[in-house]
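Q: Structure: coords_21.txt, compact mmCIF, C-alpha atoms.
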```txt
# COMPACT_ATOMS: atom_id res chain seq x y z
CA MET A 1 -29.84 -12.00 -1.51
CA THR A 2 -27.60 -15.00 -1.85
CA ASP A 3 -24.31 -15.16 -3.71
CA GLY A 4 -24.81 -18.56 -5.25
CA GLY A 5 -23.00 -18.34 -8.58
CA LEU A 6 -25.26 -20.15 -11.03
CA ASP A 7 -27.89 -20.84 -8.38
CA SER A 8 -30.87 -19.59 -10.36
CA ILE A 9 -34.52 -20.50 -10.58
CA TRP A 10 -34.12 -20.55 -14.35
CA LEU A 11 -31.18 -22.95 -14.40
CA SER A 12 -32.17 -25.25 -11.54
CA GLU A 13 -32.98 -28.88 -12.19
CA ARG A 14 -36.59 -29.28 -13.23
CA ARG A 15 -38.68 -30.99 -10.60
CA ALA A 16 -42.33 -31.85 -10.33
CA ALA A 17 -44.16 -28.76 -9.16
CA PRO A 18 -45.97 -28.97 -5.81
CA ALA A 19 -49.71 -28.60 -5.69
CA ARG A 20 -50.72 -24.97 -6.02
CA GLN A 21 -53.00 -23.16 -3.63
CA PRO A 22 -56.29 -22.41 -5.39
CA GLY A 23 -57.01 -18.77 -6.10
CA LEU A 24 -53.41 -17.59 -6.22
CA THR A 25 -51.01 -17.72 -9.16
CA ARG A 26 -47.31 -17.11 -9.62
CA ALA A 27 -48.14 -14.33 -12.08
CA GLN A 28 -50.22 -12.56 -9.41
CA ILE A 29 -47.40 -12.85 -6.89
CA VAL A 30 -44.77 -11.56 -9.30
CA GLY A 31 -46.99 -8.73 -10.49
CA GLU A 32 -47.66 -7.58 -6.93
CA ALA A 33 -43.96 -7.89 -6.10
CA VAL A 34 -43.08 -5.62 -9.03
CA ALA A 35 -45.69 -3.09 -7.90
CA MET A 36 -44.29 -3.18 -4.36
CA LEU A 37 -40.71 -2.80 -5.57
CA ASP A 38 -41.70 0.15 -7.75
CA ALA A 39 -43.54 1.86 -4.91
CA GLU A 40 -41.27 1.11 -1.95
CA GLY A 41 -37.92 -0.06 -3.28
CA LEU A 42 -35.90 -3.22 -2.83
CA PRO A 43 -35.25 -2.95 0.95
CA ALA A 44 -39.00 -2.93 1.65
CA LEU A 45 -39.73 -6.23 -0.07
CA SER A 46 -40.40 -9.18 2.22
CA MET A 47 -42.51 -12.28 1.76
CA ARG A 48 -44.59 -11.29 4.81
CA LYS A 49 -45.36 -7.80 3.49
CA LEU A 50 -46.08 -9.17 0.03
CA ALA A 51 -48.49 -11.73 1.49
CA ALA A 52 -50.29 -8.95 3.34
CA ARG A 53 -50.72 -7.00 0.10
CA LEU A 54 -52.17 -10.12 -1.52
CA ASP A 55 -54.31 -10.87 1.55
CA VAL A 56 -52.92 -14.39 1.92
CA ALA A 57 -50.85 -16.24 4.50
CA PRO A 58 -47.08 -15.81 4.01
CA MET A 59 -46.50 -19.56 3.70
CA SER A 60 -48.94 -19.75 0.79
CA LEU A 61 -46.45 -17.81 -1.36
CA TYR A 62 -43.94 -20.63 -1.09
CA TRP A 63 -46.27 -22.98 -2.96
CA HIS A 64 -45.50 -20.83 -6.01
CA VAL A 65 -42.11 -19.23 -5.32
CA PRO A 66 -39.43 -21.19 -3.42
CA THR A 67 -37.40 -18.26 -2.06
CA LYS A 68 -37.23 -14.47 -1.98
CA ASP A 69 -34.24 -14.60 -4.35
CA ALA A 70 -36.31 -16.65 -6.79
CA LEU A 71 -39.05 -14.03 -6.54
CA LEU A 72 -36.56 -11.29 -7.40
CA GLU A 73 -35.38 -13.27 -10.43
CA LEU A 74 -38.97 -13.67 -11.56
CA ALA A 75 -39.65 -9.96 -11.06
CA LEU A 76 -36.50 -9.03 -12.96
CA ASP A 77 -37.54 -11.19 -15.88
CA ALA A 78 -41.10 -9.90 -15.81
CA VAL A 79 -40.02 -6.30 -16.36
CA SER A 80 -37.69 -7.44 -19.16
CA GLY A 81 -40.90 -8.38 -20.93
CA GLU A 82 -41.75 -4.68 -21.21
CA ILE A 83 -38.93 -4.11 -23.71
CA GLU A 84 -40.32 -3.87 -27.22
CA LEU A 85 -37.92 -5.37 -29.74
CA PRO A 86 -37.43 -3.86 -33.21
CA PRO A 87 -38.17 -5.91 -36.35
CA GLU A 88 -35.26 -8.17 -37.25
CA ASP A 89 -35.26 -7.00 -40.87
CA GLY A 90 -34.38 -3.44 -39.84
CA ASP A 91 -31.00 -1.72 -39.86
CA TRP A 92 -28.70 -3.37 -37.30
CA VAL A 93 -27.50 -0.04 -35.88
CA ASP A 94 -31.06 1.14 -35.31
CA ARG A 95 -31.96 -2.21 -33.74
CA LEU A 96 -29.08 -2.03 -31.27
CA ARG A 97 -29.89 1.57 -30.45
CA ARG A 98 -33.53 0.77 -29.79
CA ILE A 99 -32.70 -2.24 -27.62
CA ALA A 100 -30.18 -0.19 -25.62
CA HIS A 101 -32.73 2.56 -25.03
CA GLY A 102 -35.35 -0.05 -24.14
CA LEU A 103 -33.06 -1.46 -21.46
CA ARG A 104 -32.34 1.99 -20.05
CA ASP A 105 -35.99 3.04 -20.10
CA THR A 106 -36.98 -0.13 -18.25
CA VAL A 107 -34.50 0.56 -15.45
CA ARG A 108 -35.64 4.16 -15.17
CA ALA A 109 -39.22 2.89 -14.82
CA HIS A 110 -38.14 0.30 -12.23
CA PRO A 111 -35.07 1.75 -10.42
CA TRP A 112 -34.69 -1.28 -8.14
CA ILE A 113 -33.43 -3.27 -11.15
CA ALA A 114 -30.10 -1.43 -11.04
CA THR A 115 -29.37 -2.90 -7.61
CA LEU A 116 -29.74 -6.44 -8.96
CA TYR A 117 -27.36 -6.13 -11.91
CA GLY A 118 -24.26 -8.17 -11.24
CA VAL A 119 -25.96 -9.89 -8.30
CA MET A 120 -28.83 -11.80 -9.88
CA LEU A 121 -28.31 -14.03 -12.89
CA ASN A 122 -30.79 -12.49 -15.33
CA ALA A 123 -31.43 -15.64 -17.36
CA GLY A 124 -35.22 -15.84 -17.64
CA PRO A 125 -37.05 -16.23 -20.96
CA GLU A 126 -37.91 -12.54 -21.33
CA ALA A 127 -34.31 -11.48 -20.68
CA MET A 128 -33.02 -14.13 -23.10
CA ARG A 129 -35.46 -12.84 -25.71
CA VAL A 130 -33.80 -9.42 -25.44
CA TYR A 131 -30.25 -10.80 -25.43
CA ASP A 132 -30.99 -12.96 -28.46
CA ALA A 133 -32.22 -9.94 -30.43
CA PHE A 134 -29.17 -7.99 -29.25
CA VAL A 135 -26.76 -10.65 -30.55
CA GLY A 136 -28.80 -11.02 -33.72
CA ALA A 137 -28.32 -7.34 -34.52
CA LEU A 138 -24.57 -7.68 -33.98
CA GLU A 139 -24.50 -10.68 -36.30
CA ASP A 140 -25.87 -8.41 -39.03
CA SER A 141 -23.05 -5.89 -38.49
CA PRO A 142 -19.79 -5.91 -40.50
CA LEU A 143 -17.92 -7.52 -37.62
CA PRO A 144 -16.47 -11.01 -38.17
CA ARG A 145 -18.09 -13.77 -36.12
CA GLU A 146 -15.12 -14.07 -33.76
CA GLU A 147 -15.66 -10.45 -32.66
CA ILE A 148 -19.39 -10.71 -31.95
CA ALA A 149 -18.98 -11.94 -28.36
CA PRO A 150 -16.28 -9.38 -27.42
CA MET A 151 -18.32 -6.52 -28.90
CA ALA A 152 -21.45 -7.77 -27.14
CA GLY A 153 -19.45 -7.55 -23.92
CA VAL A 154 -18.32 -4.00 -24.70
CA LEU A 155 -21.88 -2.86 -25.41
CA ASN A 156 -23.26 -4.75 -22.43
CA ASN A 157 -20.72 -3.18 -20.08
CA PHE A 158 -21.39 0.30 -21.44
CA ILE A 159 -25.19 0.00 -21.24
CA TYR A 160 -25.43 -1.58 -17.80
CA GLY A 161 -22.47 0.32 -16.36
CA PHE A 162 -24.01 3.59 -17.50
CA ILE A 163 -27.44 2.66 -16.14
CA VAL A 164 -26.19 1.66 -12.70
CA ASN A 165 -24.08 4.82 -12.38
CA GLU A 166 -26.95 6.99 -13.63
CA MET A 167 -29.46 5.57 -11.19
CA LYS A 168 -27.10 6.11 -8.24
CA TRP A 169 -26.55 9.70 -9.36
CA ARG A 170 -30.28 10.28 -9.78
CA GLN A 171 -30.87 9.01 -6.24
CA ARG A 172 -28.33 11.49 -4.96
CA VAL A 173 -29.93 14.31 -6.96
CA ALA A 174 -33.38 13.39 -5.59
CA ALA A 175 -32.04 13.44 -2.03
CA HIS A 176 -30.62 16.90 -2.74
CA GLY A 177 -34.09 18.16 -3.69
CA ALA A 178 -32.99 19.83 -6.92
CA SER A 179 -33.17 19.23 -10.65
CA MET A 180 -30.33 17.43 -12.40
CA ALA A 181 -29.11 20.69 -13.96
CA GLU A 182 -29.23 22.53 -10.62
CA PHE A 183 -27.41 19.74 -8.81
CA ASN A 184 -24.68 19.49 -11.44
CA ALA A 185 -24.22 23.27 -11.39
CA ASP A 186 -23.95 23.16 -7.60
CA VAL A 187 -21.31 20.41 -7.79
CA ALA A 188 -19.35 22.39 -10.40
CA GLY A 189 -19.50 25.52 -8.25
CA LYS A 190 -18.28 23.70 -5.15
CA PHE A 191 -15.49 22.07 -7.13
CA ALA A 192 -14.34 25.45 -8.43
CA ALA A 193 -14.53 26.97 -4.94
CA ALA A 194 -12.51 24.13 -3.43
CA TYR A 195 -9.77 23.89 -6.04
CA GLY A 196 -9.73 27.26 -7.80
CA ASP A 197 -7.35 27.19 -10.77
CA ARG A 198 -5.43 24.12 -9.64
CA TYR A 199 -6.97 21.95 -12.38
CA PRO A 200 -7.51 24.28 -15.37
CA ARG A 201 -8.24 21.52 -17.89
CA ILE A 202 -11.08 20.16 -15.76
CA ASN A 203 -12.38 23.68 -15.13
CA ARG A 204 -12.79 24.20 -18.88
CA TYR A 205 -15.51 21.54 -18.99
CA LEU A 206 -17.22 21.75 -15.61
CA GLY A 207 -19.85 24.24 -16.70
CA LEU A 208 -20.96 22.45 -19.86
CA GLY A 209 -24.57 21.49 -19.21
CA ASP A 210 -24.96 19.11 -22.16
CA ALA A 211 -21.92 17.12 -21.07
CA ALA A 212 -23.60 16.45 -17.72
CA ASP A 213 -27.03 15.50 -19.13
CA PRO A 214 -27.52 11.71 -18.83
CA ASP A 215 -29.57 11.46 -22.04
CA ASP A 216 -26.88 13.23 -24.05
CA GLN A 217 -24.11 11.21 -22.42
CA PHE A 218 -25.85 7.92 -23.15
CA ASP A 219 -26.58 8.82 -26.77
CA TYR A 220 -23.03 10.04 -27.31
CA GLY A 221 -21.35 6.97 -25.83
CA LEU A 222 -23.65 4.55 -27.63
CA ALA A 223 -23.18 6.34 -30.95
CA ARG A 224 -19.40 6.25 -30.62
CA ILE A 225 -19.39 2.51 -29.91
CA LEU A 226 -21.79 1.75 -32.76
CA ARG A 227 -19.77 3.92 -35.13
CA GLY A 228 -16.69 1.86 -34.31
CA THR A 229 -18.66 -1.35 -34.71
CA ALA A 230 -19.78 -0.24 -38.16
CA ALA A 231 -16.19 0.04 -39.39
CA GLU A 232 -15.29 -2.94 -41.56
CA ASP A 233 -11.74 -2.98 -40.18
CA PRO A 234 -11.78 -2.28 -36.42
CA ASP A 235 -7.98 -1.99 -36.46
```
Please render this file's structure as structure tokens.

A:
Amino acid sequence: MTDGGLDSIWLSERRAAPARQPGLTRAQIVGEAVAMLDAEGLPALSMRKLAARLDVAPMSLYWHVPTKDALLELALDAVSGEIELPPEDGDWVDRLRRIAHGLRDTVRAHPWIATLYGVMLNAGPEAMRVYDAFVGALEDSPLPREEIAPMAGVLNNFIYGFIVNEMKWRQRVAAHGASMAEFNADVAGKFAAAYGDRYPRINRYLGLGDAADPDDQFDYGLARILRGTAAEDPD
């Protein structure tokens, strides 16, 4: 993956599209790429392997997708289309909560997405559809307009930061061959064995199962942020 700043298929200068190879579409390519990413993960994706899955010559893909990075951007936007947005006339808190859970559920369904956050510029039409609804819900909150962008940043950092950390932890749990509860209990036991009573305040909370459950953690953090957002005077 390149590190090209704003070098994005969505923001590139529009040019006349080259002639397309009959019988193959960009949608087919992106759909198969998503299926491959879901099944084998990001490291396994290559244009050659993807072409083999589609039973076409590798070079034929480039008639529709200029680069592998562009393909990843297209795949990232395609899965953003799975997020169902709440009606805009609903309660703003409920709308934000549903969008946040939609984002998290999408990453859990497609774990490879977490690797692309902060690397790919997620600026496709499906992603922008979600962001626009996200900002629209904040505009209906009690916050003054000048605080909409900062609060959007706070929520964005919480949601995506939580998701990336969660997916890395889930990968570690899966490699351990245990359930989340079993793995967390094992970590707590090893911590206690290594440090004994040296850190009594931490020891008081190590064995709390709910505190280690990702669903409970996400709901708690999101609720606390939204509760603060709902206050008419954030100061």

Q: Pick out the residues sitting within 12 Å of A:Glu139, and hand them over as number ranges by chain; count only C-alpha atoms, and ignore anything fewer than 3 positions along from it in its own chain.

A: A: 88, 91-93, 95-96, 132-136, 142-149, 151-152, 229-230

Q: Can I get the residues of stretch 35-67 of chain A within 12 Å of stretch 116-128 of chain A, each with the closest pair of atoms and their distance in Å to one decimal, using all atoms listed in the file, sorted chain first then ascending number, as a Markdown table?

A:
```
| residue | atom | partner | partner_atom | distance |
| --- | --- | --- | --- | --- |
| A:Gly41 | CA | A:Leu116 | CA | 11.8 |
| A:Leu42 | CA | A:Leu116 | CA | 9.3 |
| A:Pro43 | CA | A:Leu116 | CA | 11.9 |
```

Q: Counting all atoms listed in the file, which of A:Met59, A:Leu54, A:Ile99, A:Ile9 gets nearest to A:Leu72?

A: A:Ile9

Q: I want to know what sits within 12 Å of A:Leu103, based on all atoms listed in the file, with residues of the same chain fewer than 4 positions away left out; could you give that as a count of residues only?

A: 33

Q: Which is closest to A:Ala70 among A:Gln171, A:Ser8, A:Gln217, A:Thr25, if we use all atoms listed in the file?

A: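 Result for the nearest residue to A:Ala70: A:Ser8.
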
Q: For atom CA of A:Asp213 and atom CA of A:Ala188, quote the distance in Å rounded to one decimal.

A: 13.5 Å

Q: Using the partial input, fill out stretch 69-102 of chain A with N, CA and C atoms; write the result as a JSON list (two decimals), keeping the file's coordinate frame.

A:
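Contents of the output file rebuild22.json:
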```json
[["chain", "number", "residue", "atom", "x", "y", "z"],
["A", 69, "ASP", "N", -35.15, -14.80, -3.22],
["A", 69, "ASP", "CA", -34.24, -14.60, -4.35],
["A", 69, "ASP", "C", -34.89, -15.04, -5.65],
["A", 70, "ALA", "N", -35.60, -16.17, -5.60],
["A", 70, "ALA", "CA", -36.31, -16.65, -6.79],
["A", 70, "ALA", "C", -37.37, -15.64, -7.22],
["A", 71, "LEU", "N", -38.05, -15.05, -6.24],
["A", 71, "LEU", "CA", -39.05, -14.03, -6.54],
["A", 71, "LEU", "C", -38.42, -12.83, -7.24],
["A", 72, "LEU", "N", -37.24, -12.42, -6.77],
["A", 72, "LEU", "CA", -36.56, -11.29, -7.40],
["A", 72, "LEU", "C", -36.15, -11.63, -8.84],
["A", 73, "GLU", "N", -35.71, -12.85, -9.06],
["A", 73, "GLU", "CA", -35.38, -13.27, -10.43],
["A", 73, "GLU", "C", -36.62, -13.22, -11.32],
["A", 74, "LEU", "N", -37.73, -13.69, -10.80],
["A", 74, "LEU", "CA", -38.97, -13.67, -11.56],
["A", 74, "LEU", "C", -39.42, -12.24, -11.85],
["A", 75, "ALA", "N", -39.28, -11.36, -10.87],
["A", 75, "ALA", "CA", -39.65, -9.96, -11.06],
["A", 75, "ALA", "C", -38.74, -9.30, -12.09],
["A", 76, "LEU", "N", -37.46, -9.60, -12.01],
["A", 76, "LEU", "CA", -36.50, -9.03, -12.96],
["A", 76, "LEU", "C", -36.83, -9.45, -14.38],
["A", 77, "ASP", "N", -37.20, -10.71, -14.54],
["A", 77, "ASP", "CA", -37.54, -11.19, -15.88],
["A", 77, "ASP", "C", -38.86, -10.61, -16.36],
["A", 78, "ALA", "N", -39.80, -10.44, -15.43],
["A", 78, "ALA", "CA", -41.10, -9.90, -15.81],
["A", 78, "ALA", "C", -40.98, -8.51, -16.41],
["A", 79, "VAL", "N", -40.16, -7.65, -15.82],
["A", 79, "VAL", "CA", -40.02, -6.30, -16.36],
["A", 79, "VAL", "C", -39.21, -6.30, -17.66],
["A", 80, "SER", "N", -38.38, -7.32, -17.86],
["A", 80, "SER", "CA", -37.69, -7.44, -19.16],
["A", 80, "SER", "C", -38.70, -7.64, -20.28],
["A", 81, "GLY", "N", -39.86, -8.19, -19.93],
["A", 81, "GLY", "CA", -40.90, -8.38, -20.93],
["A", 81, "GLY", "C", -41.51, -7.09, -21.43],
["A", 82, "GLU", "N", -41.22, -5.97, -20.76],
["A", 82, "GLU", "CA", -41.75, -4.68, -21.21],
["A", 82, "GLU", "C", -40.96, -4.10, -22.38],
["A", 83, "ILE", "N", -39.78, -4.65, -22.64],
["A", 83, "ILE", "CA", -38.93, -4.11, -23.71],
["A", 83, "ILE", "C", -39.46, -4.55, -25.06],
["A", 84, "GLU", "N", -39.81, -3.58, -25.88],
["A", 84, "GLU", "CA", -40.32, -3.87, -27.22],
["A", 84, "GLU", "C", -39.14, -3.99, -28.19],
["A", 85, "LEU", "N", -39.05, -5.12, -28.84],
["A", 85, "LEU", "CA", -37.92, -5.37, -29.74],
["A", 85, "LEU", "C", -38.23, -4.87, -31.15],
["A", 86, "PRO", "N", -37.23, -4.32, -31.83],
["A", 86, "PRO", "CA", -37.43, -3.86, -33.21],
["A", 86, "PRO", "C", -37.52, -5.04, -34.17],
["A", 87, "PRO", "N", -38.11, -4.84, -35.35],
["A", 87, "PRO", "CA", -38.17, -5.91, -36.35],
["A", 87, "PRO", "C", -36.76, -6.35, -36.75],
["A", 88, "GLU", "N", -36.59, -7.65, -36.95],
["A", 88, "GLU", "CA", -35.26, -8.17, -37.25],
["A", 88, "GLU", "C", -34.79, -7.85, -38.67],
["A", 89, "ASP", "N", -35.69, -7.36, -39.51],
["A", 89, "ASP", "CA", -35.26, -7.00, -40.87],
["A", 89, "ASP", "C", -34.84, -5.53, -40.96],
["A", 90, "GLY", "N", -34.80, -4.84, -39.83],
["A", 90, "GLY", "CA", -34.38, -3.44, -39.84],
["A", 90, "GLY", "C", -32.88, -3.28, -39.80],
["A", 91, "ASP", "N", -32.43, -2.04, -39.91],
["A", 91, "ASP", "CA", -31.00, -1.72, -39.86],
["A", 91, "ASP", "C", -30.43, -2.16, -38.51],
["A", 92, "TRP", "N", -29.26, -2.81, -38.53],
["A", 92, "TRP", "CA", -28.70, -3.37, -37.30],
["A", 92, "TRP", "C", -28.32, -2.29, -36.29],
["A", 93, "VAL", "N", -27.86, -1.14, -36.79],
["A", 93, "VAL", "CA", -27.50, -0.04, -35.88],
["A", 93, "VAL", "C", -28.74, 0.47, -35.16],
["A", 94, "ASP", "N", -29.81, 0.67, -35.91],
["A", 94, "ASP", "CA", -31.06, 1.14, -35.31],
["A", 94, "ASP", "C", -31.61, 0.12, -34.33],
["A", 95, "ARG", "N", -31.48, -1.16, -34.64],
["A", 95, "ARG", "CA", -31.96, -2.21, -33.74],
["A", 95, "ARG", "C", -31.20, -2.18, -32.41],
["A", 96, "LEU", "N", -29.88, -2.09, -32.50],
["A", 96, "LEU", "CA", -29.08, -2.03, -31.27],
["A", 96, "LEU", "C", -29.40, -0.79, -30.45],
["A", 97, "ARG", "N", -29.58, 0.33, -31.15],
["A", 97, "ARG", "CA", -29.89, 1.57, -30.45],
["A", 97, "ARG", "C", -31.23, 1.46, -29.72],
["A", 98, "ARG", "N", -32.20, 0.89, -30.39],
["A", 98, "ARG", "CA", -33.53, 0.77, -29.79],
["A", 98, "ARG", "C", -33.54, -0.21, -28.61],
["A", 99, "ILE", "N", -32.79, -1.29, -28.73],
["A", 99, "ILE", "CA", -32.70, -2.24, -27.62],
["A", 99, "ILE", "C", -32.00, -1.58, -26.42],
["A", 100, "ALA", "N", -30.91, -0.87, -26.69],
["A", 100, "ALA", "CA", -30.18, -0.19, -25.62],
["A", 100, "ALA", "C", -31.07, 0.81, -24.89],
["A", 101, "HIS", "N", -31.83, 1.59, -25.65],
["A", 101, "HIS", "CA", -32.73, 2.56, -25.03],
["A", 101, "HIS", "C", -33.87, 1.86, -24.29],
["A", 102, "GLY", "N", -34.32, 0.71, -24.83],
["A", 102, "GLY", "CA", -35.35, -0.05, -24.14],
["A", 102, "GLY", "C", -34.88, -0.55, -22.78]]
```
